[in-house]
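Source file: protein.tsv (TSV, C-alpha atoms and all ligand atoms)
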chain	number	residue	atom	x	y	z
L	1	MET	CA	0.00	0.00	0.00
L	2	THR	CA	1.01	3.65	-0.29
L	3	PHE	CA	0.79	5.74	2.89
L	4	LEU	CA	0.59	9.53	2.68
L	5	ILE	CA	1.59	11.00	6.03
L	6	THR	CA	1.63	14.65	7.13
L	7	ALA	CA	3.81	15.56	10.09
L	8	GLY	CA	5.14	18.45	12.14
L	9	PRO	CA	3.92	22.03	12.49
L	10	THR	CA	3.12	24.59	9.82
L	11	ARG	CA	4.56	28.11	9.93
L	12	GLU	CA	2.39	31.07	9.00
L	13	PRO	CA	4.55	34.10	8.19
L	14	ILE	CA	4.04	37.53	9.77
L	15	ASP	CA	7.02	39.21	8.11
L	16	PRO	CA	10.37	37.97	6.68
L	17	VAL	CA	11.70	37.02	10.15
L	18	ARG	CA	8.61	36.02	12.17
L	19	TYR	CA	5.88	33.42	12.02
L	20	ILE	CA	3.03	31.79	13.99
L	21	SER	CA	3.54	28.10	14.72
L	22	ASN	CA	3.12	25.47	17.46
L	23	ARG	CA	5.12	22.98	19.52
L	24	SER	CA	4.65	19.89	17.32
L	25	SER	CA	7.92	17.90	17.07
L	26	GLY	CA	6.82	15.68	14.17
L	27	LYS	CA	7.90	12.59	16.13
L	28	MET	CA	4.59	10.73	15.85
L	29	GLY	CA	4.29	11.29	12.10
L	30	TYR	CA	7.91	10.33	11.45
L	31	ALA	CA	7.51	7.18	13.61
L	32	ILE	CA	4.44	6.19	11.56
L	33	ALA	CA	6.40	6.77	8.35
L	34	GLU	CA	9.23	4.56	9.65
L	35	ALA	CA	6.80	1.82	10.78
L	36	ALA	CA	4.96	1.85	7.44
L	37	LEU	CA	8.26	1.47	5.58
L	38	ASP	CA	9.29	-1.41	7.88
L	39	ALA	CA	5.96	-3.10	7.11
L	40	GLY	CA	6.80	-2.94	3.38
L	41	HIS	CA	4.62	0.01	2.37
L	42	ASP	CA	5.53	3.01	0.19
L	43	VAL	CA	5.50	6.33	2.02
L	44	ILE	CA	4.91	9.92	0.91
L	45	LEU	CA	5.91	12.11	3.87
L	46	ILE	CA	4.75	15.74	3.74
L	47	SER	CA	6.45	17.55	6.57
L	48	GLY	CA	6.68	20.94	8.19
L	49	SER	CA	9.93	22.14	9.68
L	50	VAL	CA	11.21	19.67	12.36
L	51	ASN	CA	14.53	18.58	13.85
L	52	LEU	CA	14.33	15.05	12.46
L	53	ALA	CA	15.98	13.37	9.50
L	54	PRO	CA	13.40	12.03	7.05
L	55	PRO	CA	13.44	8.22	6.92
L	56	ARG	CA	15.30	6.89	3.89
L	57	ASP	CA	13.18	5.57	0.99
L	58	THR	CA	10.28	7.96	1.53
L	59	LYS	CA	9.06	10.36	-1.11
L	60	PHE	CA	9.80	13.41	1.07
L	61	ILE	CA	8.03	16.73	0.51
L	62	SER	CA	9.16	19.61	2.70
L	63	ILE	CA	6.63	22.41	3.23
L	64	SER	CA	6.41	25.47	5.44
L	65	THR	CA	2.89	26.97	5.42
L	66	SER	CA	-0.55	25.38	5.73
L	67	ASP	CA	-1.27	26.45	2.14
L	68	GLU	CA	1.79	24.55	0.90
L	69	MET	CA	0.76	21.48	2.92
L	70	PHE	CA	-2.78	21.75	1.53
L	71	GLU	CA	-1.53	21.81	-2.08
L	72	ALA	CA	0.92	18.92	-1.57
L	73	VAL	CA	-1.76	16.73	0.05
L	74	GLN	CA	-4.30	17.46	-2.72
L	75	ARG	CA	-1.67	16.53	-5.34
L	76	HIS	CA	-0.78	13.18	-3.80
L	77	ALA	CA	-3.92	11.90	-2.01
L	78	ASP	CA	-5.24	9.91	-4.96
L	79	GLU	CA	-1.95	7.99	-5.31
L	80	SER	CA	-2.44	6.79	-1.72
L	81	ASP	CA	-4.29	3.91	-0.04
L	82	VAL	CA	-4.03	5.40	3.45
L	83	CYS	CA	-3.86	9.15	4.27
L	84	VAL	CA	-2.70	9.86	7.83
L	85	LEU	CA	-2.96	13.56	8.67
L	86	CYS	CA	-0.80	13.78	11.75
L	87	ALA	CA	0.48	17.34	11.22
L	88	ALA	CA	-0.35	20.16	13.62
L	89	VAL	CA	-1.65	22.59	11.02
L	90	ALA	CA	-2.01	26.16	12.27
L	91	ASP	CA	-5.67	27.11	12.48
L	92	TYR	CA	-4.99	30.77	11.65
L	93	ARG	CA	-2.63	32.79	9.48
L	94	PRO	CA	-1.91	36.51	9.45
L	95	ALA	CA	-4.24	38.33	7.05
L	96	HIS	CA	-1.33	40.46	5.79
L	97	VAL	CA	2.29	39.38	5.48
L	98	SER	CA	4.60	42.36	5.70
L	99	PRO	CA	7.32	42.30	2.99
L	100	VAL	CA	9.68	44.07	5.41
L	101	LYS	CA	10.50	43.48	9.07
L	102	ILE	CA	7.85	45.08	11.29
L	103	LYS	CA	9.50	47.62	13.58
L	104	LYS	CA	8.95	47.63	17.35
L	105	ARG	CA	6.40	50.17	18.57
L	106	ALA	CA	5.92	51.42	22.12
L	107	ASP	CA	2.13	51.13	21.92
L	108	GLY	CA	1.99	47.44	20.84
L	109	ILE	CA	0.41	46.02	17.68
L	110	SER	CA	-2.57	43.85	16.75
L	111	LEU	CA	-2.43	41.05	14.21
L	112	GLU	CA	-5.48	40.24	12.10
L	113	LEU	CA	-5.75	36.46	11.69
L	114	LEU	CA	-7.73	34.50	9.11
L	115	PRO	CA	-8.62	30.80	9.33
L	116	THR	CA	-6.46	28.41	7.29
L	117	ARG	CA	-8.02	25.74	5.05
L	118	ASP	CA	-8.80	22.47	6.82
L	119	ILE	CA	-6.87	19.79	4.93
L	120	LEU	CA	-8.47	16.80	6.68
L	121	GLN	CA	-11.97	18.11	6.10
L	122	SER	CA	-11.24	18.77	2.43
L	123	LEU	CA	-10.26	15.10	1.95
L	124	GLY	CA	-13.30	13.94	3.95
L	125	ARG	CA	-15.54	15.85	1.52
L	126	ARG	CA	-14.14	14.07	-1.54
L	127	GLN	CA	-16.81	11.89	-3.14
L	128	ASN	CA	-15.88	8.21	-3.67
L	129	ARG	CA	-12.41	8.51	-2.17
L	130	LYS	CA	-10.49	5.24	-2.39
L	131	PHE	CA	-8.09	5.91	0.47
L	132	LEU	CA	-8.61	5.33	4.19
L	133	LEU	CA	-8.72	8.72	5.91
L	134	VAL	CA	-7.13	9.05	9.35
L	135	GLY	CA	-7.08	12.24	11.42
L	136	PHE	CA	-5.44	13.05	14.72
L	137	ALA	CA	-6.88	15.01	17.61
L	138	ALA	CA	-4.64	16.48	20.28
L	139	GLU	CA	-6.83	17.72	23.11
L	140	THR	CA	-6.33	19.03	26.63
L	141	ASP	CA	-9.90	18.35	27.81
L	142	HIS	CA	-13.03	16.30	26.94
L	143	LEU	CA	-10.82	14.01	24.81
L	144	GLU	CA	-13.46	11.52	23.68
L	145	ALA	CA	-16.24	14.07	23.05
L	146	ASN	CA	-13.97	16.42	21.07
L	147	ALA	CA	-12.46	13.57	19.05
L	148	THR	CA	-15.90	12.11	18.25
L	149	LYS	CA	-16.98	15.52	16.98
L	150	LYS	CA	-13.90	15.71	14.71
L	151	LEU	CA	-14.52	12.17	13.39
L	152	ARG	CA	-18.06	13.17	12.38
L	153	GLU	CA	-17.42	16.71	11.16
L	154	LYS	CA	-14.35	15.86	9.10
L	155	ASN	CA	-15.89	12.61	7.76
L	156	CYS	CA	-12.83	10.45	8.56
L	157	ASP	CA	-12.63	6.67	8.92
L	158	ILE	CA	-10.47	6.89	12.04
L	159	ILE	CA	-9.48	9.57	14.57
L	160	VAL	CA	-6.45	8.97	16.76
L	161	ALA	CA	-6.93	11.08	19.88
L	162	ASN	CA	-4.37	11.94	22.51
L	163	ASP	CA	-3.82	14.26	25.43
L	164	ALA	CA	-1.73	17.13	24.06
L	165	ARG	CA	0.02	17.50	27.43
L	166	ILE	CA	1.41	13.96	27.21
L	167	GLY	CA	2.19	13.77	23.49
L	168	MET	CA	3.61	17.19	22.51
L	169	GLU	CA	7.42	17.28	22.12
L	170	THR	CA	7.88	13.94	23.94
L	171	ASP	CA	8.82	10.38	22.92
L	172	GLU	CA	5.72	8.80	24.46
L	173	ASN	CA	2.00	8.97	24.04
L	174	GLU	CA	-1.27	7.37	25.09
L	175	LEU	CA	-3.96	6.87	22.45
L	176	LEU	CA	-7.70	6.59	22.11
L	177	ILE	CA	-8.62	5.37	18.63
L	178	LEU	CA	-12.15	6.04	17.35
L	179	PHE	CA	-13.52	4.23	14.30
L	180	CYS	CA	-16.42	5.50	12.15
L	181	ASP	CA	-18.50	2.38	12.93
L	182	GLY	CA	-18.49	3.38	16.62
L	183	GLU	CA	-15.75	0.97	17.73
L	184	THR	CA	-13.05	2.34	20.05
L	185	LYS	CA	-9.63	1.10	21.10
L	186	ARG	CA	-7.25	2.36	23.79
L	187	ILE	CA	-3.48	1.95	23.80
L	188	SER	CA	-1.89	2.85	27.12
L	189	ARG	CA	1.23	5.02	27.48
L	190	ALA	CA	4.09	3.69	25.34
L	191	PRO	CA	6.97	4.92	23.14
L	192	LYS	CA	5.82	6.53	19.90
L	193	THR	CA	7.80	3.93	17.94
L	194	PHE	CA	5.70	1.13	19.49
L	195	LEU	CA	2.44	3.06	18.99
L	196	ALA	CA	3.36	3.71	15.36
L	197	ARG	CA	3.75	-0.01	14.63
L	198	GLU	CA	0.35	-0.73	16.21
L	199	LEU	CA	-1.26	2.10	14.24
L	200	VAL	CA	0.17	0.92	10.91
L	201	LYS	CA	-1.32	-2.56	11.52
L	202	ILE	CA	-4.70	-1.00	12.38
L	203	PHE	CA	-4.69	1.29	9.31
L	204	GLN	CA	-3.67	-1.53	6.98
L	205	ASN	CA	-6.43	-3.85	8.32
L	206	SER	CA	-9.04	-1.10	8.20
L	207	GLN	CA	-8.26	-0.28	4.57
L	208	GLN	CA	-8.37	-3.97	3.64
L	209	LYS	CA	-11.80	-4.27	5.36
L	210	ARG	CA	-13.06	-1.15	3.56
L	211	LEU	CA	-12.03	-2.52	0.17
L	212	THR	CA	-13.58	-5.94	0.85
L	213	LYS	CA	-16.86	-4.26	1.88
L	214	LYS	CA	-16.85	-2.12	-1.30
L	215	MET	CA	-16.44	-5.22	-3.50
L	216	TRP	CA	-19.69	-6.76	-2.20
L	301	LIG	N1	-6.16	19.60	10.37
L	301	LIG	C1	-6.02	19.89	9.02
L	301	LIG	N2	-6.05	21.18	8.58
L	301	LIG	C2	-6.22	22.20	9.45
L	301	LIG	C3	-6.36	21.92	10.84
L	301	LIG	C4	-6.33	20.62	11.26
L	301	LIG	O1	-5.85	18.94	8.23
L	301	LIG	N3	-6.25	23.44	8.99
L	301	LIG	C5	-6.14	18.19	10.79
L	301	LIG	C6	-4.97	17.79	11.66
L	301	LIG	O2	-3.89	17.34	10.88
L	301	LIG	C7	-5.57	16.66	12.50
L	301	LIG	C8	-7.03	17.07	12.62
L	301	LIG	O3	-7.30	17.98	11.56
L	301	LIG	O4	-5.53	15.44	11.80
L	301	LIG	C9	-7.42	17.68	13.92
L	301	LIG	O5	-6.59	18.78	14.18
L	301	LIG	P1	-6.78	19.63	15.49
L	301	LIG	O6	-5.81	20.78	15.47
L	301	LIG	O7	-6.80	18.71	16.68
L	301	LIG	O8	-8.27	20.13	15.31
L	301	LIG	P2	-8.91	21.42	14.75
L	301	LIG	O9	-9.87	21.03	13.68
L	301	LIG	O10	-7.87	22.42	14.39
L	301	LIG	O11	-9.79	21.90	15.99
L	301	LIG	P3	-9.35	22.56	17.40
L	301	LIG	O12	-8.04	23.29	17.15
L	301	LIG	O13	-10.50	23.46	17.68
L	301	LIG	O14	-9.24	21.43	18.36
Here is a file; write its structure as C-alpha cells.
Ligand code: CTP
Amino acid sequence: MTFLITAGPTREPIDPVRYISNRSSGKMGYAIAEAALDAGHDVILISGSVNLAPPRDTKFISISTSDEMFEAVQRHADESDVCVLCAAVADYRPAHVSPVKIKKRADGISLELLPTRDILQSLGRRQNRKFLLVGFAAETDHLEANATKKLREKNCDIIVANDARIGMETDENELLILFCDGETKRISRAPKTFLARELVKIFQNSQQKRLTKKMW
C-alpha cells in the first residue's frame, strides 16, 4: 500500500523574520512513516519544519505553510491507499504578510488572523475517495467528546486522539482510537515507535476491510 503522512507544524509568516507556529515535534508522524516502511509500504511524507531526518526511501516533501501542505496533500492523495494527517496545522494565518520586518512600537500592535483551510476536512468531503482517511486530535480536555466531533465533522474513517500535554514534544503517548463504525480502542502510554507499529497494523487492516466491503 502507499501511505501519505503529514507531520510536524506549519509556519504562518508575519514578516520575513517572524511566524506563527506550534510545539509539534513531528515525532509521531515520522515514527508512523518509519513503521509503514518497515511493514513494506511506500511512504509519501509531507512535513513541516522539524529537527528530524526524514526516513530513507520515503518520497519526502518539505513544506512550510498550511497552504503549501494543503496543495501537496491534494496533489498526492489519490496515489495513496491510506492518508494519515498527523500534522499540527495552524488554524490561523496573518491576514497580511509584511514584505519588510515590522519595527517595534511602544504602543503594541494587533495582528489580524484568518482561518487556514482544513486539509483533513477537504479530503473527507471528496466523493468516492479510495483511500482510508485518518485524522489526529490532540486535546487538553473532553478528549473523547472532542475527538468524536472531529470524526463526524471531518468525515474520517479513524481519529487517533491523545492528550496534548502527554504527546507534545515527547517520545511517548497514550492513544484513544475512534472508528467511524463506533468501535473504540485504547493503547496505554508507550513509546511513539511502538504506537506507530500498532497504528500501521490497524490502518492496513481497516483499509483492507473497507475494500472488501466495497467489492460486495
Ligand atoms: N487539520 C487539518 N487542517 C487544518 C487543521 C487541522 O488537516 N487546517 C487536521 C490535523 O492534521 C488533524 C485534525 O485535523 O488530523 C485535527 O486537528 P486539530 O488541530 O486537533 O483540530 P482542529 O480542527 O484544528 O480543531 P481545534 O483546534 O478546535 O481542536
May I have the residues within 12 Å of Glu68 of chain L as a PDB file with C-alpha atoms, keeping the file's coordinate frame, using only C-alpha atoms and disregarding those fewer than 4 positions away in the same chain?
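Output saved as out-v8.pdb:
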ATOM      1  CA  THR L   6       1.630  14.650   7.130  1.00  0.00           C
ATOM      2  CA  THR L  10       3.120  24.590   9.820  1.00  0.00           C
ATOM      3  CA  ARG L  11       4.560  28.110   9.930  1.00  0.00           C
ATOM      4  CA  GLU L  12       2.390  31.070   9.000  1.00  0.00           C
ATOM      5  CA  ILE L  46       4.750  15.740   3.740  1.00  0.00           C
ATOM      6  CA  SER L  47       6.450  17.550   6.570  1.00  0.00           C
ATOM      7  CA  GLY L  48       6.680  20.940   8.190  1.00  0.00           C
ATOM      8  CA  ILE L  61       8.030  16.730   0.510  1.00  0.00           C
ATOM      9  CA  SER L  62       9.160  19.610   2.700  1.00  0.00           C
ATOM     10  CA  ILE L  63       6.630  22.410   3.230  1.00  0.00           C
ATOM     11  CA  SER L  64       6.410  25.470   5.440  1.00  0.00           C
ATOM     12  CA  ALA L  72       0.920  18.920  -1.570  1.00  0.00           C
ATOM     13  CA  VAL L  73      -1.760  16.730   0.050  1.00  0.00           C
ATOM     14  CA  GLN L  74      -4.300  17.460  -2.720  1.00  0.00           C
ATOM     15  CA  ARG L  75      -1.670  16.530  -5.340  1.00  0.00           C
ATOM     16  CA  VAL L  89      -1.650  22.590  11.020  1.00  0.00           C
ATOM     17  CA  THR L 116      -6.460  28.410   7.290  1.00  0.00           C
ATOM     18  CA  ARG L 117      -8.020  25.740   5.050  1.00  0.00           C
ATOM     19  CA  ILE L 119      -6.870  19.790   4.930  1.00  0.00           C
TER      20      ILE L 119
END
How far is it from atom CA of Lys214 of chain L to atom CA of Glu79 of chain L, in Å with one decimal?
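About the pair atom CA of Lys214 of chain L and atom CA of Glu79 of chain L: they are 18.4 Å apart.
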Distance query 10 Å from (8.5, 18.8, 15.1) using all atoms listed in the file, result as a ChimeraX atom specification:
/L:7-10,22-30,47-52,87-88,168-169
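The two atoms in question, atom P1 of ligand LIG 301 (chain L) and atom CA of Glu139 of chain L, are spaced 7.9 Å apart.
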Return as a VMD selection string every polymer residue, whether protein, DNA or RNA, with at least one atom no more than 10 Å from an atom of ligand LIG 301 (chain L); count only C-alpha atoms and all ligand atoms.
chain L and resid 5 to 10 66 to 67 69 to 70 73 83 to 92 115 to 124 133 to 141 143 146 to 147 149 to 151 153 to 154 156 158 to 162 164
Near-Leu113 of chain L list (6 Å; only C-alpha atoms; drop same-chain fewer than 3 positions) as number ranges by chain:
L: 92-95
Atom CA of Leu132 of chain L and atom CA of Leu199 of chain L, how far apart in Å?
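The value is 12.9 Å.
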Would you please work out which residue, of L:Asn173, L:Phe3, L:Gly182, L:Ile20, is nearest to Leu45 of chain L when using all atoms listed in the file?
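Between L:Asn173, L:Phe3, L:Gly182, L:Ile20, the residue approaching Leu45 of chain L most closely is L:Phe3.
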Tell me which of L:Asp157, L:Asp38, L:Glu71, L:Glu174 sits closest to Lys192 of chain L, counting only C-alpha atoms.
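Once distances to Lys192 of chain L are computed over only C-alpha atoms, the minimum belongs to L:Glu174.
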So that all listed atoms of segment 62-68 of chain L fit with 5 Å spare on each side, what axis-aligned box centre and edge lengths in Å, to one decimal, would you give as lines of an AutoDock Vina configuration file?
center_x = 3.9
center_y = 23.3
center_z = 3.3
size_x = 20.4
size_y = 17.4
size_z = 14.8
Can you tell me, as a PyMOL selection string, what residues are no more than 10 Å from Asp42 of chain L when counting only C-alpha atoms, ignoring any on the same chain fewer than 3 positions away?
chain L and resi 1-4+33+36-39+45+57-59+80-81
Neighbouring residues of Glu172 of chain L were defined as those with any atom within 9 Å, considering all atoms listed in the file; residues of the same chain fewer than 4 positions away were excluded. Please report them as a ChimeraX atom specification.
/L:28,166-168,189-193,195
Using the atoms already present, construct N, CA, C and O atoms for segment 60-75 of chain L and hand them back as a PDB file, in the frame of the given file.
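part_36.pdb, freshly written:
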ATOM      1  N   PHE L  60       9.843  12.393   0.023  1.00  0.00           N
ATOM      2  CA  PHE L  60       9.800  13.410   1.070  1.00  0.00           C
ATOM      3  C   PHE L  60       9.469  14.773   0.469  1.00  0.00           C
ATOM      4  O   PHE L  60      10.130  15.232  -0.462  1.00  0.00           O
ATOM      5  N   ILE L  61       8.421  15.398   0.993  1.00  0.00           N
ATOM      6  CA  ILE L  61       8.030  16.730   0.510  1.00  0.00           C
ATOM      7  C   ILE L  61       8.077  17.690   1.695  1.00  0.00           C
ATOM      8  O   ILE L  61       7.338  17.526   2.665  1.00  0.00           O
ATOM      9  N   SER L  62       8.984  18.660   1.607  1.00  0.00           N
ATOM     10  CA  SER L  62       9.160  19.610   2.700  1.00  0.00           C
ATOM     11  C   SER L  62       8.295  20.847   2.420  1.00  0.00           C
ATOM     12  O   SER L  62       8.355  21.427   1.330  1.00  0.00           O
ATOM     13  N   ILE L  63       7.483  21.229   3.408  1.00  0.00           N
ATOM     14  CA  ILE L  63       6.630  22.410   3.230  1.00  0.00           C
ATOM     15  C   ILE L  63       6.837  23.333   4.434  1.00  0.00           C
ATOM     16  O   ILE L  63       7.403  22.922   5.457  1.00  0.00           O
ATOM     17  N   SER L  64       6.326  24.552   4.318  1.00  0.00           N
ATOM     18  CA  SER L  64       6.410  25.470   5.440  1.00  0.00           C
ATOM     19  C   SER L  64       5.014  25.890   5.912  1.00  0.00           C
ATOM     20  O   SER L  64       4.643  25.699   7.050  1.00  0.00           O
ATOM     21  N   THR L  65       4.201  26.421   5.008  1.00  0.00           N
ATOM     22  CA  THR L  65       2.890  26.970   5.420  1.00  0.00           C
ATOM     23  C   THR L  65       1.767  25.940   5.262  1.00  0.00           C
ATOM     24  O   THR L  65       1.921  24.926   4.561  1.00  0.00           O
ATOM     25  N   SER L  66       0.619  26.263   5.866  1.00  0.00           N
ATOM     26  CA  SER L  66      -0.550  25.380   5.730  1.00  0.00           C
ATOM     27  C   SER L  66      -1.028  25.336   4.279  1.00  0.00           C
ATOM     28  O   SER L  66      -1.496  24.301   3.812  1.00  0.00           O
ATOM     29  N   ASP L  67      -0.882  26.443   3.558  1.00  0.00           N
ATOM     30  CA  ASP L  67      -1.270  26.450   2.140  1.00  0.00           C
ATOM     31  C   ASP L  67      -0.408  25.487   1.332  1.00  0.00           C
ATOM     32  O   ASP L  67      -0.910  24.759   0.478  1.00  0.00           O
ATOM     33  N   GLU L  68       0.901  25.477   1.622  1.00  0.00           N
ATOM     34  CA  GLU L  68       1.790  24.550   0.900  1.00  0.00           C
ATOM     35  C   GLU L  68       1.449  23.101   1.246  1.00  0.00           C
ATOM     36  O   GLU L  68       1.462  22.224   0.378  1.00  0.00           O
ATOM     37  N   MET L  69       1.135  22.845   2.535  1.00  0.00           N
ATOM     38  CA  MET L  69       0.760  21.480   2.920  1.00  0.00           C
ATOM     39  C   MET L  69      -0.547  21.081   2.238  1.00  0.00           C
ATOM     40  O   MET L  69      -0.675  19.975   1.718  1.00  0.00           O
ATOM     41  N   PHE L  70      -1.501  22.008   2.193  1.00  0.00           N
ATOM     42  CA  PHE L  70      -2.780  21.750   1.530  1.00  0.00           C
ATOM     43  C   PHE L  70      -2.549  21.319   0.078  1.00  0.00           C
ATOM     44  O   PHE L  70      -3.068  20.293  -0.371  1.00  0.00           O
ATOM     45  N   GLU L  71      -1.745  22.091  -0.654  1.00  0.00           N
ATOM     46  CA  GLU L  71      -1.530  21.810  -2.080  1.00  0.00           C
ATOM     47  C   GLU L  71      -0.828  20.461  -2.266  1.00  0.00           C
ATOM     48  O   GLU L  71      -1.196  19.679  -3.136  1.00  0.00           O
ATOM     49  N   ALA L  72       0.168  20.175  -1.432  1.00  0.00           N
ATOM     50  CA  ALA L  72       0.920  18.920  -1.570  1.00  0.00           C
ATOM     51  C   ALA L  72       0.006  17.718  -1.289  1.00  0.00           C
ATOM     52  O   ALA L  72       0.061  16.696  -1.995  1.00  0.00           O
ATOM     53  N   VAL L  73      -0.846  17.839  -0.279  1.00  0.00           N
ATOM     54  CA  VAL L  73      -1.760  16.730   0.050  1.00  0.00           C
ATOM     55  C   VAL L  73      -2.753  16.517  -1.094  1.00  0.00           C
ATOM     56  O   VAL L  73      -2.990  15.383  -1.509  1.00  0.00           O
ATOM     57  N   GLN L  74      -3.315  17.610  -1.628  1.00  0.00           N
ATOM     58  CA  GLN L  74      -4.300  17.460  -2.720  1.00  0.00           C
ATOM     59  C   GLN L  74      -3.643  16.769  -3.924  1.00  0.00           C
ATOM     60  O   GLN L  74      -4.257  15.962  -4.593  1.00  0.00           O
ATOM     61  N   ARG L  75      -2.370  17.094  -4.181  1.00  0.00           N
ATOM     62  CA  ARG L  75      -1.670  16.530  -5.340  1.00  0.00           C
ATOM     63  C   ARG L  75      -1.440  15.043  -5.196  1.00  0.00           C
ATOM     64  O   ARG L  75      -1.453  14.312  -6.177  1.00  0.00           O
TER      65      ARG L  75
END
